[in-house]
Amino acid sequence: MRLHLLHLSTAAIVGTVDYLDGIAVRQKAFFMLDEVLLNRIQDPQVRQVVQQLANLLEQALTDIDALRAENQRLKDEINRLKGEQGKPTVKANKPGSGDQNDSNHSSEQHRRQPKSGAKSAKNDTIQVDRTQRLPVDPAILPKDAVFKGYQAHLIQDLLLKTDNVLFERAKYYSPSTGKTYLAALPEGYEGGFGPNLKALVLSLHHLGNVSQPALHTLLTHAGIQIAASTVSEFLVHNQEVFHQEKSAITLAGLASSPWQQSDDTATRVDGVNQHCHVLCNPLYSSYTTLPNKDRLSVLDVLTNGAARSFVLTERVLASEAVGKMPKKWRRVLSTFPLDTPLSEETTLDWFARLMPTLGAQTQKGVLEAMAVAAYQGQCRVPVVDLLLCDDAPQFPGLTAELALCWVHDARHYQKLIPHLPCFGECLKTFQEDYWNYYDRLLAYRQNPTPSERLALSADFDTLFVPETGYAHLDYRIQQTRANKEKLLAVLSHPEIPLHNNASELAVRRRVRKRDVSFGPRSPAGMAAWDTFQTIAATAQKLGVSFLAYVADRVSGRNAMPSLASLIAERASQMNLGASWA
């Protein structure tokens, strides 16, 4: 048996060398290694040799595929520089159809739970605006036909027509004062346009992602005489009321629960790359576009744009960032006042005067540590206790606890494309165990118990053991194992989701907007995007009509309760901050 296995191992070596020499023996090598299933090998030394050979071949094939892709990319670039076209990208007919170049790494097929039950009737929720009785043509009725009443048939329709109003305003003149007195226009009617038109423009643009040129075309075809610049004015300027609502929504959302979700995506502002940060929970979504996505920028989001503050504490002095400073600068830093909030201007001035040659990266690390200390010690805005996000480097250390997204972690395994059948079977088996464990976590959230908590923690250590023999898979397992505490935050906080899908869906709203309008062209346009996307996303979560809400505010009626007050009301009912220990 041993001689047979050694012969196969030697054949695998020959197959590898032949392949690397350019001989087409890939299928032959695959067959041999498929026959030598690792779990059939009894001798540990032989098994180790075969595993090493298989991983060498796997790495060689992976590197060759990467080099081929890079070579093709360079060829395409050369062709474009010559004024020609590169190789067209032809997608597979069906995602996940077996194409190794498929870039779809979604785990939805593993997480999707079948829904049972029929769709509920919607007619009871539809508002009836008018009733019209339809008679039967007497000519088609037989003489013995008996009237049996009316059968209801509800039809939905929508009218888009002008409602142009000619206001005749009473006018008086007083000789004693020398002034003319004119009747005021109703609230919201100014600049020659009514509040319903303005609300429609805002809704179509920010809720329906209709571009400004398309909006102008639609309005002119509907009979409205309006300039393109006026449409832009409706969308961007004089929105202070809504900006205040956006700030109130964010504060109410931060106060609604001690945990939040966060993510970011790119946004170009007047052609300059910036980053849209999303902060959300089940009751709201807040959008903030900033030049960077570093730790200080995330703190700006968590503090709702409040002025930056920095505090030097004993914990900061003992932090890793300060530990990297040269001793002379650590002595200088220790002369700063302890536990005293400092403005950004004062802090930067002290660094410039007292530590002028301190490296930029070192200074940034110390500033971030001081900013985190100031955030966690302030009382201007609610402090987030737990942040659910991906494993980007700007998130750790900002909050007391950090929870990582299981879906993000699973994508690393989805991206593995083994060339050898034995490794493919190994990956498939592991992924099945992975999603079975995920299902157990979902069940635990519904019914958390101390015994299941201990069992899940122990089974994590059993599942994520990097001893599969597939080197790439073992590396990923090791990375997951290192994040055990963050991935299993749900065991102490079953109220939090297992994934960051909510913030990714919120990010998708910005991406769809970006696909249509590319990006805002001014700071005012950027603020409008952030504000109205915050209001639209939050209104959707709260079950409020964005169109009706905007019309209510534009008209000045203010009859609808603010979204911030609804967040506070729902938070008290849902008890999002409840945790189990």
# chains A, B, ... in the order shown; residues from 1 in each chain; ligands from 1
$ residues_around --residues "Asn447 (chain A)" --least-positions-apart "4" --cutoff "12 Å" --atoms "only C-alpha atoms" --output "list in words"
Arg440, Leu441, Leu442, Ala443, Ser451, Glu452, Arg453, Leu491, His493, Pro494, Glu495 and Trp580 of chain A
$ residues_around --residues "Thr313 (chain A)" --least-positions-apart "3" --cutoff "12 Å" --atoms "only C-alpha atoms" --output "PyMOL selection string"
chain A and resi 310+316-319+322+333-342+366-367+369-374+376-377
$ write_last_selection --atoms "C-alpha atoms" --output "short mmCIF file (atom, residue, chain, number, x, y, z; two decimals), in the first residue's frame"
data_model
loop_
_atom_site.label_atom_id
_atom_site.label_comp_id
_atom_site.auth_asym_id
_atom_site.auth_seq_id
_atom_site.Cartn_x
_atom_site.Cartn_y
_atom_site.Cartn_z
CA PHE A 310 -9.36 65.47 22.10
CA VAL A 316 -4.12 57.00 26.03
CA LEU A 317 -0.61 57.27 27.49
CA ALA A 318 -0.57 53.49 27.88
CA SER A 319 -1.93 52.86 24.38
CA VAL A 322 1.81 56.37 22.25
CA LEU A 333 3.19 64.42 25.58
CA SER A 334 3.05 63.67 29.31
CA THR A 335 3.20 67.44 29.97
CA PHE A 336 -0.18 67.92 28.25
CA PRO A 337 -3.09 68.43 30.68
CA LEU A 338 -4.77 65.16 31.63
CA ASP A 339 -8.53 64.58 31.36
CA THR A 340 -9.06 68.01 29.83
CA PRO A 341 -11.04 68.29 26.58
CA LEU A 342 -9.13 70.23 23.93
CA VAL A 366 -2.04 59.53 18.98
CA LEU A 367 -4.73 61.98 17.81
CA ALA A 369 -6.50 57.64 20.57
CA MET A 370 -7.19 61.03 22.15
CA ALA A 371 -10.31 61.51 20.00
CA VAL A 372 -11.65 58.09 21.03
CA ALA A 373 -11.09 58.96 24.70
CA ALA A 374 -12.93 62.27 24.21
CA GLN A 376 -16.26 57.86 25.09
CA GLY A 377 -16.14 60.45 27.89
#
$ residues_around --residues "Arg73 (chain A)" --least-positions-apart "5" --cutoff "12 Å" --atoms "only C-alpha atoms" --output "list in words"
Ala66, Leu67, Arg68, Ile78, Asn79, Arg80, Gln85, Gly86, Lys87, Pro88 and Thr89 of chain A
$ closest_residue --among "A:Gln540, A:Gln363, A:Gln260, A:Thr303" --to "Glu401 (chain A)" --atoms "only C-alpha atoms"
A:Gln260
$ residues_around --residues "Tyr189 (chain A)" --least-positions-apart "2" --cutoff "12 Å" --atoms "only C-alpha atoms" --output "NGL selection string"
:A and (164-167 or 184-187 or 191-199 or 551 or 554-556)
$ write_last_selection --atoms "C-alpha atoms" --output "PDB file, in the first residue's frame"
ATOM      1  CA  ASN A 164     -52.197  76.123 -11.509  1.00  0.00           C
ATOM      2  CA  VAL A 165     -53.815  78.643  -9.176  1.00  0.00           C
ATOM      3  CA  LEU A 166     -54.360  82.336  -9.927  1.00  0.00           C
ATOM      4  CA  PHE A 167     -54.330  84.059  -6.525  1.00  0.00           C
ATOM      5  CA  ALA A 184     -49.952  86.913   1.998  1.00  0.00           C
ATOM      6  CA  LEU A 185     -49.699  83.825  -0.152  1.00  0.00           C
ATOM      7  CA  PRO A 186     -50.482  80.493   1.508  1.00  0.00           C
ATOM      8  CA  GLU A 187     -47.531  78.759   3.152  1.00  0.00           C
ATOM      9  CA  GLY A 191     -41.309  81.740  -6.355  1.00  0.00           C
ATOM     10  CA  GLY A 192     -44.184  80.960  -8.678  1.00  0.00           C
ATOM     11  CA  PHE A 193     -44.491  77.288  -7.682  1.00  0.00           C
ATOM     12  CA  GLY A 194     -46.595  75.416  -5.146  1.00  0.00           C
ATOM     13  CA  PRO A 195     -45.553  72.986  -2.386  1.00  0.00           C
ATOM     14  CA  ASN A 196     -46.975  69.899  -4.116  1.00  0.00           C
ATOM     15  CA  LEU A 197     -44.738  70.466  -7.136  1.00  0.00           C
ATOM     16  CA  LYS A 198     -41.678  70.920  -4.920  1.00  0.00           C
ATOM     17  CA  ALA A 199     -42.514  67.792  -2.920  1.00  0.00           C
ATOM     18  CA  ALA A 551     -45.164  67.835   1.220  1.00  0.00           C
ATOM     19  CA  VAL A 554     -42.665  72.135   2.364  1.00  0.00           C
ATOM     20  CA  SER A 555     -46.231  73.423   2.796  1.00  0.00           C
ATOM     21  CA  GLY A 556     -45.434  74.544   6.344  1.00  0.00           C
TER      22      GLY A 556
END
$ select_by_dssp --residues "region 213-411 of chain A" --states "helix (DSSP H, G or I)" --output "VMD selection string"
chain A and resid 213 to 221 228 to 236 240 to 256 295 to 302 314 to 317 320 to 323 327 to 333 344 to 354 360 to 377 406 to 411
$ residues_around --residues "Asn575 (chain A)" --least-positions-apart "6" --cutoff "12 Å" --atoms "only C-alpha atoms" --output "JSON, numbers by chain"
{"A": [255, 256, 257, 258, 259, 282, 283, 495, 496, 567, 568, 569]}
$ atom_distance --atom1 "CA of Lys328 (chain A)" --atom2 "CA of Ala360 (chain A)"
16.2 Å
$ residues_around --residues "region 240-250 of chain A" --least-positions-apart "3" --cutoff "7 Å" --atoms "only C-alpha atoms" --output "list in words"
Gly253, Leu254, Ser286, Asn304, Thr531, Thr534, Ile535, Leu563 and Ala564 of chain A
$ atom_distance --atom1 "CA of Ala306 (chain A)" --atom2 "CA of Phe351 (chain A)"
21.9 Å
$ atom_distance --atom1 "CA of Leu398 (chain A)" --atom2 "CA of His277 (chain A)"
15.1 Å
$ decode --residues "region 136-177 of chain A" --atoms "N, CA and C atoms" --output "mmCIF file, in the first residue's frame"
data_model
loop_
_atom_site.group_PDB
_atom_site.id
_atom_site.type_symbol
_atom_site.label_atom_id
_atom_site.label_comp_id
_atom_site.auth_asym_id
_atom_site.auth_seq_id
_atom_site.Cartn_x
_atom_site.Cartn_y
_atom_site.Cartn_z
ATOM 1 N N VAL A 136 -75.339 47.729 -16.127
ATOM 2 C CA VAL A 136 -75.282 46.767 -17.219
ATOM 3 C C VAL A 136 -76.174 47.278 -18.349
ATOM 4 N N ASP A 137 -75.719 47.164 -19.558
ATOM 5 C CA ASP A 137 -76.493 47.611 -20.709
ATOM 6 C C ASP A 137 -77.808 46.825 -20.754
ATOM 7 N N PRO A 138 -78.967 47.511 -20.609
ATOM 8 C CA PRO A 138 -80.262 46.802 -20.598
ATOM 9 C C PRO A 138 -80.504 45.978 -21.860
ATOM 10 N N ALA A 139 -79.842 46.334 -22.939
ATOM 11 C CA ALA A 139 -80.094 45.618 -24.197
ATOM 12 C C ALA A 139 -79.609 44.183 -24.152
ATOM 13 N N ILE A 140 -78.648 43.902 -23.236
ATOM 14 C CA ILE A 140 -78.115 42.535 -23.196
ATOM 15 C C ILE A 140 -78.757 41.704 -22.098
ATOM 16 N N LEU A 141 -79.644 42.317 -21.281
ATOM 17 C CA LEU A 141 -80.271 41.598 -20.176
ATOM 18 C C LEU A 141 -81.508 40.846 -20.637
ATOM 19 N N PRO A 142 -81.672 39.606 -20.218
ATOM 20 C CA PRO A 142 -82.937 38.885 -20.500
ATOM 21 C C PRO A 142 -84.071 39.465 -19.663
ATOM 22 N N LYS A 143 -85.310 39.160 -20.046
ATOM 23 C CA LYS A 143 -86.461 39.756 -19.364
ATOM 24 C C LYS A 143 -86.585 39.295 -17.911
ATOM 25 N N ASP A 144 -86.066 38.113 -17.579
ATOM 26 C CA ASP A 144 -86.227 37.604 -16.222
ATOM 27 C C ASP A 144 -85.022 37.917 -15.325
ATOM 28 N N ALA A 145 -84.111 38.808 -15.782
ATOM 29 C CA ALA A 145 -82.927 39.143 -14.981
ATOM 30 C C ALA A 145 -83.348 39.903 -13.728
ATOM 31 N N VAL A 146 -82.804 39.501 -12.573
ATOM 32 C CA VAL A 146 -83.126 40.119 -11.279
ATOM 33 C C VAL A 146 -81.893 40.833 -10.756
ATOM 34 N N PHE A 147 -82.059 42.081 -10.320
ATOM 35 C CA PHE A 147 -80.947 42.870 -9.788
ATOM 36 C C PHE A 147 -80.481 42.290 -8.449
ATOM 37 N N LYS A 148 -79.208 42.050 -8.284
ATOM 38 C CA LYS A 148 -78.627 41.446 -7.086
ATOM 39 C C LYS A 148 -77.613 42.358 -6.389
ATOM 40 N N GLY A 149 -77.669 43.658 -6.651
ATOM 41 C CA GLY A 149 -76.749 44.580 -5.992
ATOM 42 C C GLY A 149 -75.515 44.833 -6.835
ATOM 43 N N TYR A 150 -74.406 45.235 -6.172
ATOM 44 C CA TYR A 150 -73.185 45.612 -6.872
ATOM 45 C C TYR A 150 -72.009 44.771 -6.365
ATOM 46 N N GLN A 151 -71.155 44.415 -7.279
ATOM 47 C CA GLN A 151 -69.922 43.712 -6.934
ATOM 48 C C GLN A 151 -68.762 44.692 -7.004
ATOM 49 N N ALA A 152 -68.014 44.807 -5.888
ATOM 50 C CA ALA A 152 -66.913 45.771 -5.811
ATOM 51 C C ALA A 152 -65.716 45.299 -6.628
ATOM 52 N N HIS A 153 -65.109 46.216 -7.339
ATOM 53 C CA HIS A 153 -63.892 45.944 -8.110
ATOM 54 C C HIS A 153 -63.008 47.182 -7.989
ATOM 55 N N LEU A 154 -61.960 47.075 -7.199
ATOM 56 C CA LEU A 154 -61.113 48.222 -6.895
ATOM 57 C C LEU A 154 -59.994 48.353 -7.927
ATOM 58 N N ILE A 155 -59.879 49.535 -8.501
ATOM 59 C CA ILE A 155 -58.847 49.843 -9.488
ATOM 60 C C ILE A 155 -58.005 50.999 -8.964
ATOM 61 N N GLN A 156 -56.668 50.830 -9.039
ATOM 62 C CA GLN A 156 -55.769 51.915 -8.649
ATOM 63 C C GLN A 156 -55.316 52.677 -9.895
ATOM 64 N N ASP A 157 -55.258 53.991 -9.758
ATOM 65 C CA ASP A 157 -54.823 54.844 -10.856
ATOM 66 C C ASP A 157 -54.158 56.085 -10.272
ATOM 67 N N LEU A 158 -53.442 56.797 -11.093
ATOM 68 C CA LEU A 158 -52.723 57.990 -10.634
ATOM 69 C C LEU A 158 -52.808 59.052 -11.706
ATOM 70 N N LEU A 159 -53.104 60.270 -11.284
ATOM 71 C CA LEU A 159 -53.202 61.395 -12.197
ATOM 72 C C LEU A 159 -52.009 62.324 -11.987
ATOM 73 N N LEU A 160 -51.392 62.750 -13.073
ATOM 74 C CA LEU A 160 -50.343 63.764 -13.022
ATOM 75 C C LEU A 160 -50.798 64.913 -13.911
ATOM 76 N N LYS A 161 -51.334 65.933 -13.279
ATOM 77 C CA LYS A 161 -51.869 67.061 -14.037
ATOM 78 C C LYS A 161 -51.568 68.353 -13.287
ATOM 79 N N THR A 162 -51.664 69.447 -13.987
ATOM 80 C CA THR A 162 -51.373 70.750 -13.384
ATOM 81 C C THR A 162 -52.508 71.175 -12.449
ATOM 82 N N ASP A 163 -52.144 71.949 -11.461
ATOM 83 C CA ASP A 163 -53.107 72.573 -10.554
ATOM 84 C C ASP A 163 -52.696 74.032 -10.385
ATOM 85 N N ASN A 164 -52.646 74.738 -11.504
ATOM 86 C CA ASN A 164 -52.197 76.123 -11.509
ATOM 87 C C ASN A 164 -53.273 77.026 -10.899
ATOM 88 N N VAL A 165 -52.879 77.799 -9.913
ATOM 89 C CA VAL A 165 -53.815 78.643 -9.176
ATOM 90 C C VAL A 165 -53.488 80.110 -9.434
ATOM 91 N N LEU A 166 -54.519 80.893 -9.793
ATOM 92 C CA LEU A 166 -54.360 82.336 -9.927
ATOM 93 C C LEU A 166 -54.856 82.989 -8.641
ATOM 94 N N PHE A 167 -53.953 83.403 -7.786
ATOM 95 C CA PHE A 167 -54.330 84.059 -6.525
ATOM 96 C C PHE A 167 -54.596 85.541 -6.784
ATOM 97 N N GLU A 168 -55.770 85.984 -6.381
ATOM 98 C CA GLU A 168 -56.092 87.406 -6.425
ATOM 99 C C GLU A 168 -55.915 87.965 -5.022
ATOM 100 N N ARG A 169 -54.811 88.630 -4.808
ATOM 101 C CA ARG A 169 -54.399 89.065 -3.480
ATOM 102 C C ARG A 169 -54.953 90.464 -3.189
ATOM 103 N N ALA A 170 -55.645 90.562 -2.082
ATOM 104 C CA ALA A 170 -56.186 91.868 -1.674
ATOM 105 C C ALA A 170 -55.037 92.846 -1.454
ATOM 106 N N LYS A 171 -55.256 94.078 -1.918
ATOM 107 C CA LYS A 171 -54.202 95.091 -1.862
ATOM 108 C C LYS A 171 -54.747 96.390 -1.279
ATOM 109 N N TYR A 172 -54.043 96.936 -0.290
ATOM 110 C CA TYR A 172 -54.449 98.184 0.367
ATOM 111 C C TYR A 172 -53.260 99.137 0.384
ATOM 112 N N TYR A 173 -53.621 100.427 0.359
ATOM 113 C CA TYR A 173 -52.586 101.446 0.495
ATOM 114 C C TYR A 173 -52.976 102.407 1.591
ATOM 115 N N SER A 174 -52.016 102.708 2.475
ATOM 116 C CA SER A 174 -52.256 103.639 3.581
ATOM 117 C C SER A 174 -51.492 104.922 3.332
ATOM 118 N N PRO A 175 -52.223 106.053 3.104
ATOM 119 C CA PRO A 175 -51.521 107.341 2.918
ATOM 120 C C PRO A 175 -50.751 107.765 4.169
ATOM 121 N N SER A 176 -51.280 107.386 5.351
ATOM 122 C CA SER A 176 -50.617 107.827 6.582
ATOM 123 C C SER A 176 -49.261 107.172 6.773
ATOM 124 N N THR A 177 -49.129 105.927 6.355
ATOM 125 C CA THR A 177 -47.853 105.217 6.510
ATOM 126 C C THR A 177 -47.055 105.198 5.222
#
